[in-house]
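First up is the structure itself, then whatever we jot down about it.
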Amino acid sequence: MTLPTLIRLALRLLFREWRAGSLTVMATALLIAITSHTTIGFFTERLSNAMEAKATHLLGADLVIKSPSAISPKLLENYTNGNINENLNDAPKASLNIAHTVEFTTVAIAGDELKLTAVKAVSSNYPLKGFMRTSLTLFGEEITTTDSPPTGELWVEHRVLSSLSINVGDTVDIGDAALKVSRVLTFEPDRSGAFYALAPRIIMNIDDLPKAGVVQQGSRVDYRYLIEGSPANIKTYRDWIKPQLTPSQSVLDIHNERPSVSSSLVRAESYMKLSGLVAILLAAVAIAMSARLYAESHYDTSALIRCLGGRQNDVLFIFILQLAILAFFSGVIGSIFGWLSQSLIAFLIQDMLPESFPQPSLTSAWTGLALSFIVLFGFSLPTLIRLRQVSPLRVLRKNLEPNSLSGVIIYLATFIFVSLLIFVYTQDIRLTAASLIGGATIALFGFIIVALLFMLLNKFNQKSPLIIKSGIRNLIRRKNETRWQTLAFGITLMAMTLVVIIRSDLIDTWQSQMPEDIPNHFVMNILPGDVNAFEAFLAEKKITSSNLYPVSRGRLTHINNVAVKKSVTKEEEGNEALNRELNLTEAKVMQKDNRLVQGEWWSDKTKSSKTSPTPSIPKVSIEARLAKKLNVKLGDELTFFIGSRSLKASVSSIRTVKWDSFKPNFYMVFEPGSLNSYPTTNLTSFYLPEKNRDALNAMLRQFPAITLLEVGAILEQIKSILAQVTLAVEIVLSFVLFAGFAVTFAALQSTLSQRLHEGALMRTLGASKRQIRINQWVEYAMMGSLSGLIAVSGTEVVLWALYTQVFHLEYNVNLLLIVLLPLVGALVIGLFGVFTSRKVLDESPTLVLREL
Amino acid sequence: MSNLALAVQALHKSVELNQQTIEILSDISLSITEGDSIAIVGSSGSGKSTLLGLMAGLDNATTGDITLMGNNLSTMSEDQRAKVRAEHVGFVFQSFQLLPNLSATENVMLPLEVLNQKNAQSQATAMLERVGLSHRLTHYPSQLSGGEQQRVALARAFVTQPDILFADEPTGNLDTKTGNHIADLLFELNKEINTTLILVTHDEHLAKRCQHTIRLEAGALVTTS
C-alpha cells in the first residue's frame with residue numbers, strides 16, 4: 001500500500017474510532033497526564049519564580065555577601081553596571097546591581113538620653129528586593145516603601161523613640177553626626193534570624209557614615225553586599241566569588257538564609273514532582289490497559305487488511321500513525337488545558353498571589369508534547385505491536401490469537417519507559433532508582449499477596465452464604481484477568497491514598513509550624529524585679545505568652561578546657577554560635593517542641609546539689625547541630641564566660657530544636673539554679689492581634705527597660721507563601737485522583753465484554769435482574785476490598801520510606817487505613833463496576849448478545 | 001487447453017496439540033481450471049475451512065505445494081503471499097468481515113486501495129450500485145441488515161475483478177430467502193467477471209450450483225465430481 005493510501009486509511013479509521021468512542025479512555029487518560037504535567041509545570045514555574053522573588057524579598061537581594069570587614073572592591077566593582085575592569089580578566093563580566101549595608105552597634109544620643117542601638121547604614125539603592133514598612137508617627141499607619149533614608153535623616157524603630165524620649169522630627173546624634181528622625185521603621189526585609197541579640201534598629205544613609213566617624217579600624221562591623229541580577233549572572237558570580245572568600249566571609253542566598261521557607265519549598269517541590277509523577281504513571285497504566293483492549297478489538301481489522309493483501313508493516317504503520325496523531329493532539333490540547341487551568345487557578349487565588357506573578361515560559365508545553373509521545377508509545381506499543389502478528393487466517397478462524405511478544409521483552413520495554421519517564425520527570429537519578437526499586441517490589445509483593453488472597457478466597461467460598469457464593473465464584477473463575485485487575489486497583493488506590501495522606505501531613509506540618517496564635521512579638525530585658533508586674537500586665541490585657549525564660553548573655557570559650565577556637569575545625573571558626581554571645585537559659589522542663597536525641601533531661605531527684613554533698617558542676621543541654629559541629633559529646637565540660645566570670649557545666653543531654661517555631665529557642669539550656677548567681681534578665685514571646693497594638697504603647701510606658709521586637713510582618717510573608725504552596729499541592733492532588741479514576745475505568749472495561757456476554761446469557765437462561773445485580777456487587781466489591789488490602793500494605797511501606805528518607809519527617813503507622821481502605825475499595829470498585837456493566841440490566845439480552 | 005487457476009499437490013496439514021500431532025488434511029491433490037466453480041463440502045471438522053485458508057495463502061501447509069495463478073505459495077513469505085492475494089484473490093466470509101468503522105463505500109474501496117488503484121471511490125460506488133445498494137453508500141455495517149452486509153462483502157470481493165474468489169459459507173449466516181438472493185448474486189457476478197469460484201459450504205443445494213464438488217471427510221479427499 002502506498003503512503004498516501006495508508007495515511008488516508010489511518011485517518012479514516014481513527015476518525016471513526018474516535019466517533020465510536022473506542023479511543024475515549026485512552027485519549028482521556030493521556031489528556032489527564034498531559035494536562036496534569038503542563039498545569040503543574042506552568043504553575044510551579046510561575047509559583048516558584050514568585051516564591052523565589054518573595055524569598056529574595058526577605059533577603060533583600062538575590063545573593064548577599066557577608067563579611068566582618070569591607071571586602072576588596074575588585075571582587076565587586078567588576079560587576080557594577082558598565083564598569084568593567086580590564087585588569088581582571090578572570091572575572092566574569094556580568095551586569096549586577098549591588099547595594100551596600102554596614103551594620104554595627106553604637107550609642108545613640110538625644111539630649112541627656114543614651115541608648116545602645118543597632119545601626120544599619122545603607123546605600124541609596126537599598127533594598128534591591130522587597131520593601132521596608134515605615135510610619136510617620138509612632139504606631140501610626142504603615143506605608144510600604146522601597147526608598148531608603150536620604151542623607152541627614154534616620155529611620156528608627158519605636159523602641160529608639162521611647163527609650164530616648166523623643167518624637168519623629170527630633171534630632172539624634174550618631175557619633176559626630178546629628179541626624180533627623182524622619183520615620184518610624186516597622187519592617188525591614190533582611191533582618192536576620194538572631195533577633196534576640198539585637199538592640200533597637202536605626203537605618204541611616206551610608207553617605208553619612210564618614211561624618212559620624214563611628215566605624216573605625218577594629219570596630220565590630222558587619223558588612224553586607226546585597227546583589228541583584230539575572231539568575232544566570234547570579235550563579236556565575238556566586239561560583240566565581242565563593243572560592244575567593246575567607247572563612248569569616250560567607251555567601252547567603254534564600255536556600256541557606258531562611259530555613260523555614262526554603263525547607264517548605266523543597267518539600268512542596270518534591271511533593272508536586274512525586275504526585276505529578278504518580279498522576280502520569282497512573283494515566284500510563286490506564287493507557288496500557290486501554291491500548292491492550294484497543295489492540296484486541298483490532299485483531300479482526302488487521303486480519304482483514306492482511307487478507308486483502310496488506311503487508312505486516314502496512315498494518316503496523318496504520319496503528320502507529322494513529323497513535324502519533326493521538327499523541328500530537330493530546331499533547332497540544334493537554335498543554336492548552338494546562339495553560340487554561342493554571343490561569344484559572346491564578347485567577348481564583350489572585351488575592352493570595354504577589355502583585356507580580358510572571359507568566360510561565362513555553363517549556364512545559366514542549367515537554368508536555370514530548371511526554372505525550374513517550375507515554376502513549378511507551379505504554380501502548382508493546383501491545384499494539386501484536387497487531388502486526390495477527391494471522392490473516394483469523395478471518396476464517398476467530399479464535400486465532402496473535403503470538404504474544406515474549407513477556408520478558410514487554411516487561412523490559414515497559415521498565416525502560418517507566419525509568420525514562422521517572423528520570424525525565426524528576427531529573428534525579430537517586431529518586432528514579434528508589435521509585436523503580438520501590439515500584440517493582442510493591443508490584444511483586446502485591447502479586448504474591450493477590451495470589452494468596454485468591455487462594456484463601458477459593459478455600460473459604462465453600463462456606464460462604466449462597467447469595468454471595470456465585471459472585472465470588474465468578475471472580476475466581478476469571479482469576480487470570482481479575483488478579484491483574486485487583487493488583488492494578490490496589491496500586492492505584494495505594495497511589496491515591498499516598499498522595500492524599502502526604503498532602504494532609506505536609507499541610508498539617510506547615511499549619512502547626514504557623515498556628516494562628518504564633519507569637520508575633522518578642523520581649524527581652526524584662527528585669528528580674530519586673531517579672532511579676534509584667535506577668536500581671538499580660539494577664540490584665542488578656543495576652544497569652546510563652547514561659548518567661550531567665551537569660552544570661554555569655555560566650556562559649558572552652559570545651560574540656562581546650563580553647564574553643566583551637567578545638568574546632570577551620571571552617572567552624574566562622575560559626576555564629578562561637579563568634580557572638582549566646583543567650584543562656586535555665587529550665588526545669590524541656591520545651592515541648594524540643595526532642596532529646598542523647599542523654600537525659602534532669603529531674604528533681606538527679607539535681608546535682610541534692611544528690612551529692614559536694615556540689616558538682618551544673619548540667620547543660622546542648623542543641624544537636626551545634627554539638628555535632630563542635631564535636632561535643634555527653635559528659636564534655638563546657639566553659640562559658642558571663643560578664644567577667646566563668647561558668648563550667650557538663651553536657652548531660654543533646655536535643656534538637658525547632659528553629660522555625662517562632663518561639664524562644666536556645667542553644668544552651670542549664671539545669672535550674674545554675675544561673676542564680678549571674679545577672680539575668682527575662683525573655684518571652686506572645687501573640688497580639690493587630691487591632692490591640694495600643695497595648696504595646698502601654699507596655700513600653702510601664703516597662704521602659706524592655707526590648708520589644710515585632711515579627712508579625714515576617715510571619716505574614718511566610719504564611720502567605722505556605723498558603724500558596726498548599727493550594728498548588730491540592731491542585732496536583734486532583735490530577736492524581738482523576739488519573740486514578742481513569743485507571744479504574746480502563747481496567748473495568750478490559751473485561752467488560754466478557755461480563756456483558758455472561759450477564760446476557762444468564763438473563764437468557766432466566767436469572768433475575770436482582771440476582772445479577774447481587775452477583776455484580778459481590779464480585780466487584782470483593783475485588784475492591786482485596787485491592788484495599790494490597791493498598792494498605794503498600795501504603796504503609798511507602799509512607800515509611802518516604803517520610804524517613806525523602807521528607808525527613810516522623811512516621812507513625814496509620815491504623816485507620818487498615819479499616820478504611822478495603823471499605824473504600826469495595827465501595828468505589830463496586831460503584832464503578834456496577835455502573836460500567838449496567839448495560840446487562842438495562843438492555844434486552846438479545847440486543848447485548850448481538851452487539852458483542 | 002484452459003490455464004490452471006489453482007493446483008494443489010500432496011498437501012498435508014497437521015498441528016501439535018498437547019504433544020500430539022493431529023492430522024487435519026492429508027495428501028490432498030487437486031487442480032482447478034480458470035473460470036471453474038468448485039464447491040468444497042463435508043461435515044464440520046472435515047478440514048474444509050483449513051483447505052480454503054491454505055489454498056488462499058492465508059496459512060502455511062506442513063508439506064505439499066500450492067500454486068495459485070502460477071505463484072508457488074509454499075515457498076513464499078507471508079508478505080509475498082499478501083501481494084498475491086491482493087492481485088488475484090477475492091474473499092467472501094460467512095460472518096461478512098466488514099470493518100465496522102468504515103462505511104459501505106469505504107469497505108469496498110479497501111482492496112482497491114491496497115492495490116493502489118486510482119478512482120477507488122467511483123469503482124466502489126459502481127460496484128455497490130451493481131449489488132443494489134446505491135441507497136446505502138454511506139451507511140456503516142451496524143446500520144445494515146445481514147443480507148445487505150453480505151452484498152457489501154460481495155461488492156468488496158468482486159470490485160478488484162479477482163482471478164479467484166474464495167467464499168466461506170457465504171449464506172451460512174442468512175435466512176433461506178436472503179441466502180438464495182445472495183447466492184444468485186454471487187453466481188451472476190462470477191459469470192460476469194469470469195472469476196474462478198471456490199466455495200466452502202454445508203449447503204448441498206448451493207454446492208449443486210457449482211460445476212464441480214469436492215467432498216472431504218476427516219481431512220481426506222473422498223470424491224470429486
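A note on labels: chains of the C-alpha cells are A, B, ... as shown, every chain counts residues from 1, and ligands are counted from 1 in their shown order.
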
Give one line per residue of range 141-185 of chain B that approaches range 66-80 of chain B to at most 12 Å, naming the two atoms of the closest pair and their distance in Å to one decimal, counting only C-alpha atoms; sort by chain then ascending residue number and deliver it as JSON lines.
```
{"residue": "B:Pro162", "atom": "CA", "partner": "B:Met69", "partner_atom": "CA", "distance": 10.9}
{"residue": "B:Asp163", "atom": "CA", "partner": "B:Met69", "partner_atom": "CA", "distance": 7.9}
{"residue": "B:Ile164", "atom": "CA", "partner": "B:Met69", "partner_atom": "CA", "distance": 8.7}
{"residue": "B:Leu165", "atom": "CA", "partner": "B:Leu68", "partner_atom": "CA", "distance": 11.7}
```

For Asp428 in chain A, list every protein, DNA or RNA residue within 12 Å, evaluated using only C-alpha atoms, and leave out those in the same chain fewer than 5 positions away; present the list as a PyMOL selection string.
chain A and resi 270+273-274+419-423+433-435

Residues of chain A within 12 Å of chain B, counting only C-alpha atoms - could you list those as JSON, numbers by chain?
{"A": [1, 2, 3, 4, 5, 6, 7, 8, 9, 10, 11, 12, 13, 14, 15, 16, 17, 18, 19, 20, 21, 22, 297, 298, 299, 300, 301, 302, 303, 304, 305, 306, 307, 308, 309, 310, 311, 312, 313, 314, 315, 388, 389, 390, 391, 392, 393, 394, 395, 396, 397, 398, 400, 850, 851, 852]}

Enumerate the residues of range 212-351 of chain A with a DSSP assignment of strand (DSSP E), computed from the backbone, and present them as a PyMOL selection string.
chain A and resi 221-228+250-252

All helix (DSSP H, G or I) positions in range 424-581 of chain A, as a ChimeraX atom specification:
/A:424-426,429-463,466-477,479-513,528-540,564-567,570-574,576-579

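If you measure from each of A:Ala698, A:Ile206, A:Leu30, A:Leu63 to Leu226 in chain A using only C-alpha atoms, the closest one turns out to be A:Leu63.
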
Report, in Å with one decimal, the straight-line distance from CA of Gly42 in chain B to CA of Glu217 in chain B.
6.1 Å

Set the distance at 9 Å and use only C-alpha atoms: which residues neighbour Val8 in chain B once local chain neighbours fewer than 5 positions away are removed? I'd like the list as a VMD selection string.
chain B and resid 28 to 32 55 64 to 68

Those same residues, written as an mmCIF file, in the first residue's frame with N, CA and C atoms?
```cif
data_model
loop_
_atom_site.group_PDB
_atom_site.id
_atom_site.type_symbol
_atom_site.label_atom_id
_atom_site.label_comp_id
_atom_site.auth_asym_id
_atom_site.auth_seq_id
_atom_site.Cartn_x
_atom_site.Cartn_y
_atom_site.Cartn_z
ATOM 1 N N ILE B 28 -3.735 -34.160 -0.054
ATOM 2 C CA ILE B 28 -4.762 -33.604 -0.954
ATOM 3 C C ILE B 28 -4.078 -33.141 -2.232
ATOM 4 N N SER B 29 -4.570 -33.570 -3.321
ATOM 5 C CA SER B 29 -4.082 -33.063 -4.613
ATOM 6 C C SER B 29 -5.289 -32.745 -5.468
ATOM 7 N N LEU B 30 -5.289 -31.596 -6.073
ATOM 8 C CA LEU B 30 -6.384 -31.254 -6.989
ATOM 9 C C LEU B 30 -5.939 -30.090 -7.849
ATOM 10 N N SER B 31 -6.625 -29.914 -8.967
ATOM 11 C CA SER B 31 -6.321 -28.740 -9.787
ATOM 12 C C SER B 31 -7.624 -28.125 -10.287
ATOM 13 N N ILE B 32 -7.604 -26.814 -10.350
ATOM 14 C CA ILE B 32 -8.825 -26.103 -10.728
ATOM 15 C C ILE B 32 -8.509 -25.189 -11.903
ATOM 16 N N MET B 55 -5.345 -22.801 0.470
ATOM 17 C CA MET B 55 -5.372 -22.511 -0.960
ATOM 18 C C MET B 55 -5.299 -21.005 -1.207
ATOM 19 N N GLY B 64 3.782 -30.223 0.993
ATOM 20 C CA GLY B 64 2.993 -30.125 -0.220
ATOM 21 C C GLY B 64 3.107 -28.751 -0.849
ATOM 22 N N ASP B 65 2.589 -28.642 -2.081
ATOM 23 C CA ASP B 65 2.702 -27.398 -2.844
ATOM 24 C C ASP B 65 1.343 -26.866 -3.238
ATOM 25 N N ILE B 66 1.238 -25.547 -3.251
ATOM 26 C CA ILE B 66 0.034 -24.902 -3.770
ATOM 27 C C ILE B 66 0.485 -23.846 -4.765
ATOM 28 N N THR B 67 -0.045 -23.924 -5.961
ATOM 29 C CA THR B 67 0.308 -22.912 -6.962
ATOM 30 C C THR B 67 -0.952 -22.136 -7.316
ATOM 31 N N LEU B 68 -0.915 -20.856 -7.085
ATOM 32 C CA LEU B 68 -2.081 -20.009 -7.338
ATOM 33 C C LEU B 68 -1.723 -19.024 -8.432
#
```

Could you name the residues that touch range 678-688 of chain A at 9 Å or less, counting only C-alpha atoms, but leaving out those on the same chain fewer than 5 positions away, as an NGL selection string?
:A and (196 or 516-528 or 531 or 543-553 or 585 or 642-643 or 645 or 662-664 or 693 or 695)

List the spatial neighbours of Glu103 in chain A as a PDB file with N, CA and C atoms, in the first residue's frame - criterion: any atom at most 6 Å away, only C-alpha atoms, same-chain residues fewer than 4 positions off excluded.
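selection22.pdb, written as the output of this step:
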```pdb
ATOM      1  N   VAL A 119      22.754  49.909  64.335  1.00  0.00           N
ATOM      2  CA  VAL A 119      22.603  50.819  63.200  1.00  0.00           C
ATOM      3  C   VAL A 119      22.892  50.070  61.907  1.00  0.00           C
ATOM      4  N   LYS A 120      22.096  50.372  60.918  1.00  0.00           N
ATOM      5  CA  LYS A 120      22.394  49.842  59.579  1.00  0.00           C
ATOM      6  C   LYS A 120      22.507  51.036  58.650  1.00  0.00           C
ATOM      7  N   VAL A 221      31.997  45.220  63.021  1.00  0.00           N
ATOM      8  CA  VAL A 221      31.098  45.706  61.979  1.00  0.00           C
ATOM      9  C   VAL A 221      30.742  44.560  61.047  1.00  0.00           C
ATOM     10  N   ASP A 222      29.506  44.587  60.595  1.00  0.00           N
ATOM     11  CA  ASP A 222      29.035  43.542  59.682  1.00  0.00           C
ATOM     12  C   ASP A 222      28.788  44.201  58.314  1.00  0.00           C
TER      13      ASP A 222
END
```
